[in-house]
$ cat structure_9.txt   # compact mmCIF, C-alpha atoms and all ligand atoms
# COMPACT_ATOMS: atom_id res chain seq x y z
CA MET A 25 42.98 -73.46 31.52
CA LYS A 26 40.22 -76.04 31.15
CA ASN A 27 38.94 -74.60 27.88
CA LEU A 28 42.38 -74.66 26.35
CA TYR A 29 42.82 -78.30 27.39
CA ASN A 30 39.40 -79.13 25.95
CA ALA A 31 40.15 -77.36 22.69
CA LEU A 32 43.52 -79.07 22.34
CA ASN A 33 41.99 -82.45 23.12
CA LEU A 34 39.23 -81.86 20.58
CA LYS A 35 41.81 -80.94 17.95
CA LYS A 36 43.76 -84.10 18.79
CA LEU A 37 40.60 -86.21 18.42
CA LEU A 38 39.73 -84.71 15.04
CA THR A 39 43.27 -85.35 13.79
CA LEU A 40 43.08 -88.97 14.95
CA LYS A 41 39.67 -89.35 13.25
CA GLU A 42 41.15 -88.02 10.01
CA LEU A 43 43.88 -90.64 10.32
CA GLY A 44 41.24 -93.38 10.57
CA PHE A 45 41.07 -94.04 14.34
CA ASN A 46 37.62 -95.01 15.61
CA PHE A 47 38.56 -95.72 19.22
CA ILE A 48 41.29 -94.60 21.58
CA ASP A 49 41.95 -95.38 25.19
CA PRO A 50 40.63 -92.33 27.08
CA ILE A 51 42.95 -92.80 30.04
CA GLU A 52 46.09 -92.92 27.97
CA GLU A 53 45.11 -90.23 25.49
CA PHE A 54 43.56 -87.74 27.86
CA LYS A 55 46.19 -87.59 30.53
CA GLU A 56 46.58 -83.86 31.09
CA SER A 57 49.62 -82.89 29.12
CA ASN A 58 51.99 -80.24 30.26
CA ILE A 59 50.10 -77.33 28.72
CA GLU A 60 50.92 -74.19 30.60
CA LEU A 61 50.71 -70.77 29.08
CA PRO A 62 53.88 -68.75 29.74
CA ASN A 63 54.02 -66.01 32.34
CA ASN A 64 55.36 -63.31 30.06
CA LEU A 65 53.61 -61.45 27.28
CA GLN A 66 56.28 -61.96 24.61
CA SER A 67 56.14 -65.77 24.85
CA LEU A 68 52.36 -65.72 25.15
CA LYS A 69 52.10 -63.60 22.01
CA LYS A 70 54.32 -66.02 20.14
CA ILE A 71 51.97 -68.90 21.00
CA ALA A 72 48.84 -66.91 20.12
CA ASN A 73 50.36 -65.85 16.79
CA SER A 74 50.50 -69.46 15.65
CA CYS A 75 47.21 -70.52 17.26
CA HIS A 76 44.74 -72.61 15.24
CA LEU A 77 42.50 -73.69 18.09
CA CYS A 78 39.30 -72.31 16.62
CA GLN A 79 37.86 -71.74 13.16
CA LEU A 80 38.66 -68.03 13.20
CA SER A 81 42.25 -68.95 12.37
CA LYS A 82 41.12 -69.96 8.88
CA SER A 83 39.98 -66.51 7.81
CA ARG A 84 42.30 -64.20 9.74
CA THR A 85 45.16 -62.23 8.21
CA ASN A 86 46.86 -61.43 11.52
CA VAL A 87 46.38 -62.48 15.12
CA VAL A 88 45.62 -59.33 17.11
CA PHE A 89 47.22 -60.13 20.44
CA GLY A 90 46.85 -56.77 22.18
CA GLU A 91 49.17 -53.88 22.91
CA GLY A 92 50.06 -51.24 25.43
CA ASN A 93 51.70 -50.76 28.78
CA GLU A 94 52.59 -54.17 30.20
CA LYS A 95 52.25 -52.73 33.71
CA ALA A 96 49.05 -50.79 33.04
CA GLN A 97 46.67 -50.16 35.91
CA LEU A 98 43.91 -49.72 33.32
CA MET A 99 43.00 -52.25 30.65
CA PHE A 100 40.34 -52.05 27.91
CA VAL A 101 38.84 -55.25 26.55
CA GLY A 102 36.74 -55.29 23.39
CA GLU A 103 34.97 -58.04 21.47
CA GLY A 104 37.30 -58.89 18.60
CA PRO A 105 39.38 -57.42 15.77
CA GLY A 106 37.71 -55.68 12.82
CA ALA A 107 39.00 -55.33 9.26
CA THR A 108 41.68 -52.71 9.98
CA GLU A 109 42.86 -54.59 13.06
CA ASP A 110 43.03 -57.85 11.09
CA ALA A 111 45.06 -56.12 8.38
CA THR A 112 47.49 -54.45 10.79
CA GLY A 113 47.64 -56.90 13.71
CA ARG A 114 46.89 -54.05 16.15
CA PRO A 115 43.78 -53.65 18.35
CA PHE A 116 41.38 -50.71 17.97
CA VAL A 117 43.03 -48.87 15.10
CA GLY A 118 40.00 -48.38 12.83
CA ARG A 119 37.25 -45.80 13.31
CA ALA A 120 36.15 -47.35 16.59
CA GLY A 121 39.77 -47.32 17.70
CA GLU A 122 40.07 -43.63 16.94
CA LEU A 123 37.05 -43.00 19.15
CA LEU A 124 38.50 -45.16 21.93
CA THR A 125 41.77 -43.23 21.72
CA LYS A 126 39.83 -39.96 22.06
CA MET A 127 37.98 -41.33 25.10
CA ILE A 128 41.31 -42.21 26.70
CA GLU A 129 43.20 -39.06 25.80
CA ASN A 130 40.45 -36.43 25.97
CA VAL A 131 38.51 -37.69 28.98
CA LEU A 132 41.04 -39.56 31.10
CA TYR A 133 43.90 -37.24 30.03
CA ILE A 134 46.39 -40.06 29.69
CA LYS A 135 48.18 -41.38 26.63
CA ARG A 136 46.81 -44.44 24.88
CA SER A 137 50.23 -46.06 25.36
CA GLU A 138 49.71 -45.94 29.15
CA VAL A 139 46.83 -48.45 29.03
CA TYR A 140 46.66 -51.99 27.70
CA ILE A 141 44.12 -52.88 25.01
CA ALA A 142 42.98 -56.40 24.07
CA ASN A 143 39.94 -58.33 22.89
CA ILE A 144 37.96 -61.42 23.86
CA VAL A 145 38.96 -63.15 20.60
CA LYS A 146 42.30 -62.48 18.91
CA CYS A 147 41.26 -63.30 15.36
CA ARG A 148 38.65 -61.45 13.32
CA PRO A 149 35.22 -63.06 13.08
CA PRO A 150 34.13 -62.97 9.39
CA ASN A 151 31.99 -59.93 8.53
CA ASN A 152 32.51 -58.67 12.08
CA ARG A 153 29.94 -61.07 13.47
CA THR A 154 29.82 -61.71 17.21
CA PRO A 155 32.21 -64.51 18.23
CA THR A 156 30.45 -67.78 18.99
CA PRO A 157 30.61 -69.04 22.59
CA THR A 158 33.02 -71.77 21.44
CA GLU A 159 35.35 -69.22 19.85
CA ALA A 160 35.19 -66.87 22.82
CA LEU A 161 35.73 -69.59 25.40
CA THR A 162 38.53 -71.20 23.39
CA CYS A 163 40.38 -67.90 23.14
CA ARG A 164 39.67 -66.67 26.66
CA PRO A 165 42.66 -68.39 28.35
CA TYR A 166 45.00 -66.05 26.41
CA LEU A 167 43.15 -63.01 27.71
CA LEU A 168 43.00 -64.35 31.26
CA LYS A 169 46.74 -64.94 31.14
CA GLN A 170 47.31 -61.40 29.85
CA ILE A 171 45.27 -60.08 32.77
CA GLU A 172 47.19 -62.28 35.19
CA ILE A 173 50.52 -60.94 33.89
CA ILE A 174 49.53 -57.27 33.59
CA LYS A 175 47.55 -57.17 36.86
CA PRO A 176 45.40 -54.13 36.01
CA LYS A 177 43.55 -52.44 38.84
CA LEU A 178 40.54 -51.75 36.61
CA ILE A 179 39.27 -53.34 33.38
CA VAL A 180 36.85 -51.51 31.12
CA ALA A 181 34.71 -54.05 29.29
CA LEU A 182 33.72 -52.51 25.97
CA GLY A 183 30.31 -53.85 25.05
CA SER A 184 28.20 -56.80 26.10
CA THR A 185 30.39 -59.54 24.61
CA ALA A 186 33.45 -58.38 26.54
CA TYR A 187 31.38 -58.02 29.72
CA ARG A 188 29.79 -61.46 29.32
CA TYR A 189 33.03 -63.38 28.82
CA LEU A 190 34.89 -61.51 31.55
CA THR A 191 32.18 -62.05 34.17
CA ASN A 192 30.02 -64.98 32.95
CA ASP A 193 27.04 -62.66 33.45
CA ASN A 194 24.46 -62.09 30.69
CA THR A 195 23.00 -58.86 32.06
CA PRO A 196 22.43 -56.42 29.16
CA ILE A 197 25.07 -53.71 28.85
CA SER A 198 22.42 -50.98 29.15
CA LYS A 199 21.60 -52.23 32.66
CA ILE A 200 25.09 -52.93 33.94
CA ARG A 201 27.13 -50.11 32.39
CA GLY A 202 28.69 -47.58 34.70
CA ASN A 203 28.77 -49.84 37.77
CA ILE A 204 32.16 -50.59 39.26
CA ILE A 205 32.16 -54.31 40.01
CA ASP A 206 34.68 -55.76 42.42
CA LEU A 207 35.96 -59.09 41.05
CA LYS A 208 38.52 -61.28 42.77
CA ASP A 209 41.70 -59.91 41.24
CA PHE A 210 40.57 -56.65 39.66
CA SER A 211 37.64 -54.27 39.42
CA LEU A 212 35.58 -53.99 36.26
CA ILE A 213 33.34 -51.40 34.69
CA ALA A 214 31.35 -51.96 31.51
CA THR A 215 30.51 -49.33 28.97
CA TYR A 216 29.34 -49.20 25.37
CA HIS A 217 31.63 -50.48 22.63
CA PRO A 218 33.01 -47.59 20.52
CA SER A 219 31.47 -49.19 17.39
CA TYR A 220 28.06 -48.93 19.06
CA LEU A 221 28.78 -45.29 19.91
CA LEU A 222 29.58 -44.58 16.25
CA ARG A 223 26.19 -46.00 15.29
CA ASN A 224 24.38 -44.39 18.22
CA PRO A 225 26.02 -41.04 18.95
CA SER A 226 23.38 -40.15 21.56
CA ALA A 227 24.87 -42.86 23.84
CA LYS A 228 28.18 -40.98 23.96
CA LYS A 229 26.91 -38.97 26.95
CA GLU A 230 26.56 -42.16 29.01
CA ALA A 231 29.96 -43.42 27.88
CA TYR A 232 31.42 -40.08 28.93
CA VAL A 233 29.92 -40.48 32.41
CA ASP A 234 31.38 -44.00 32.60
CA MET A 235 34.83 -42.66 31.69
CA LEU A 236 34.54 -40.06 34.44
CA LYS A 237 33.94 -42.94 36.88
CA VAL A 238 37.10 -44.63 35.58
CA LYS A 239 39.00 -41.40 36.12
CA GLU A 240 37.70 -41.03 39.64
CA PHE A 241 38.33 -44.69 40.55
CA LEU A 242 41.96 -44.48 39.44
CA ASN A 243 42.54 -40.93 40.68
CA LEU A 244 43.70 -39.85 37.24
S1 LIG A 301 40.58 -66.57 17.98
FE1 LIG A 301 41.93 -67.18 19.65
S2 LIG A 301 41.60 -69.41 19.89
FE2 LIG A 301 40.80 -68.80 17.88
S3 LIG A 301 42.52 -69.19 16.47
FE3 LIG A 301 42.60 -67.01 17.09
S4 LIG A 301 44.00 -66.97 18.84
FE4 LIG A 301 43.37 -69.12 18.55

$ encode --input "structure_9.txt" --output "structure tokens"
Amino acid sequence: MKNLYNALNLKKLLTLKELGFNFIDPIEEFKESNIELPNNLQSLKKIANSCHLCQLSKSRTNVVFGEGNEKAQLMFVGEGPGATEDATGRPFVGRAGELLTKMIENVLYIKRSEVYIANIVKCRPPNNRTPTPTEALTCRPYLLKQIEIIKPKLIVALGSTAYRYLTNDNTPISKIRGNIIDLKDFSLIATYHPSYLLRNPSAKKEAYVDMLKVKEFLNL
């Protein structure tokens, strides 16, 4: 939760600066306050919905918390909401979302509602730009808590941004995709983001192979 503490402390400092403070006692002001994210998704969503910890809160319409089976053994994590997601408050509901739904239902032969879908950042980056490291790291505690609550057996990282912030590894997606990686509490496989597949249809073959690995790993 260190990033959340840091972000909250930074926010507190900026507020104090606005009020005219030039110096504060670090020991008194930076005592770790009782900031614990709740252990259930409903309460966590409520907190995220009123979050203003990073600048993405200024331009968002809706916080896109995530949705799906709260006991899913399979979770998909993307980069961040796009325009349709921002407008509806739901993850992966635009064109890329339609493709993801097809990948789930036509390759894995399970319903979309059986998996859980979330993103690295919960608010839309303007013009669909990649989230900055500050934004991604500030928002990550929400995602980590979601993973802790849901306890998926396998996470599919959709694209390099999702892979990077789930593993702290900068290996390009083209090199790492398709490998099942055993992390401490779950396994992870990276594949191309559906938006990339819409722009590069020839990569769909590789994404299909990755989905077959997911199917085999989970005995679907
Ligand atoms: S992107 Fe995450 S950290 Fe930033 S305002 Fe939205 S919910 Fe908060």

$ closest_residue --input "structure_9.txt" --among "A:Leu168, A:Met99, A:Leu236, A:Ile134" --to "A:Leu182" --atoms "all atoms listed in the file"
A:Met99

$ closest_atom_pairs --input "structure_9.txt" --of "chain A" --to "ligand LIG 301 (chain A)" --cutoff "7 Å" --atoms "all atoms listed in the file" --output "tab-separated table"
residue	atom	partner	partner_atom	distance
A:Ala72	CA	A:LIG301	S4	5.0
A:Asn73	CA	A:LIG301	S4	6.8
A:Cys75	CA	A:LIG301	FE4	4.3
A:His76	CA	A:LIG301	S3	4.3
A:Leu77	CA	A:LIG301	FE4	4.7
A:Cys78	CA	A:LIG301	FE2	4.0
A:Gln79	CA	A:LIG301	S3	6.3
A:Leu80	CA	A:LIG301	S3	5.2
A:Ser81	CA	A:LIG301	S3	4.1
A:Val87	CA	A:LIG301	FE3	6.2
A:Val145	CA	A:LIG301	S1	4.6
A:Lys146	CA	A:LIG301	S1	4.5
A:Cys147	CA	A:LIG301	S1	4.2
A:Glu159	CA	A:LIG301	FE2	5.8
A:Thr162	CA	A:LIG301	S2	5.0
A:Cys163	CA	A:LIG301	S2	3.8

$ atom_distance --input "structure_9.txt" --atom1 "atom CA of A:Tyr220" --atom2 "atom CA of A:Leu190"
19.0 Å

$ atom_distance --input "structure_9.txt" --atom1 "atom CA of A:Arg136" --atom2 "atom CA of A:Lys169"
21.4 Å

$ residues_near_point --input "structure_9.txt" --point "(30.7, -52.4, 29.2)" --cutoff "9 Å" --atoms "all atoms listed in the file" --output "list in words"
Gly102, Val180, Ala181, Leu182, Gly183, Ser184, Thr185, Ala186, Tyr187, Ile197, Ser198, Ile200, Arg201, Gly202, Leu212, Ile213, Ala214, Thr215, Tyr216 and His217 of chain A

$ write_last_selection --input "structure_9.txt" --atoms "C-alpha atoms" --output "compact mmCIF listing (two decimals), in the coordinates of the input"
# COMPACT_ATOMS: atom_id res chain seq x y z
CA GLY A 102 36.74 -55.29 23.39
CA VAL A 180 36.85 -51.51 31.12
CA ALA A 181 34.71 -54.05 29.29
CA LEU A 182 33.72 -52.51 25.97
CA GLY A 183 30.31 -53.85 25.05
CA SER A 184 28.20 -56.80 26.10
CA THR A 185 30.39 -59.54 24.61
CA ALA A 186 33.45 -58.38 26.54
CA TYR A 187 31.38 -58.02 29.72
CA ILE A 197 25.07 -53.71 28.85
CA SER A 198 22.42 -50.98 29.15
CA ILE A 200 25.09 -52.93 33.94
CA ARG A 201 27.13 -50.11 32.39
CA GLY A 202 28.69 -47.58 34.70
CA LEU A 212 35.58 -53.99 36.26
CA ILE A 213 33.34 -51.40 34.69
CA ALA A 214 31.35 -51.96 31.51
CA THR A 215 30.51 -49.33 28.97
CA TYR A 216 29.34 -49.20 25.37
CA HIS A 217 31.63 -50.48 22.63

$ residues_around --input "structure_9.txt" --residues "stretch 105-113 of chain A" --least-positions-apart "5" --cutoff "6 Å" --atoms "all atoms listed in the file" --output "list of chain:residue names"
A:Thr85, A:Asn86, A:Val87, A:Val88, A:Gly118, A:Arg148

$ closest_residue --input "structure_9.txt" --among "A:Lys199, A:Lys126, A:Lys95, A:Lys135" --to "A:Met235" --atoms "only C-alpha atoms"
A:Lys126

$ closest_residue --input "structure_9.txt" --among "A:Asn93, A:Thr191, A:Thr158, A:Ser226" --to "A:Phe210" --atoms "all atoms listed in the file"
A:Thr191

$ closest_residue --input "structure_9.txt" --among "A:Asn151, A:Leu61, A:Tyr133, A:Val117" --to "A:Val238" --atoms "all atoms listed in the file"
A:Tyr133

$ atom_distance --input "structure_9.txt" --atom1 "atom CA of A:Arg114" --atom2 "atom CA of A:Gly90"
6.6 Å

$ axis_aligned_box --input "structure_9.txt" --around "stretch 137-144 of chain A" --padding-each-side "5 Å" --output "lines of an AutoDock Vina configuration file"
center_x = 44.1
center_y = -53.7
center_z = 26.0
size_x = 22.3
size_y = 25.5
size_z = 16.3

$ closest_residue --input "structure_9.txt" --among "A:Asp209, A:Glu122, A:Glu230, A:Asp193" --to "A:Pro176" --atoms "only C-alpha atoms"
A:Asp209

$ closest_residue --input "structure_9.txt" --among "A:Ile179, A:Leu123, A:Ile141, A:Ile171" --to "A:Pro225" --atoms "all atoms listed in the file"
A:Leu123
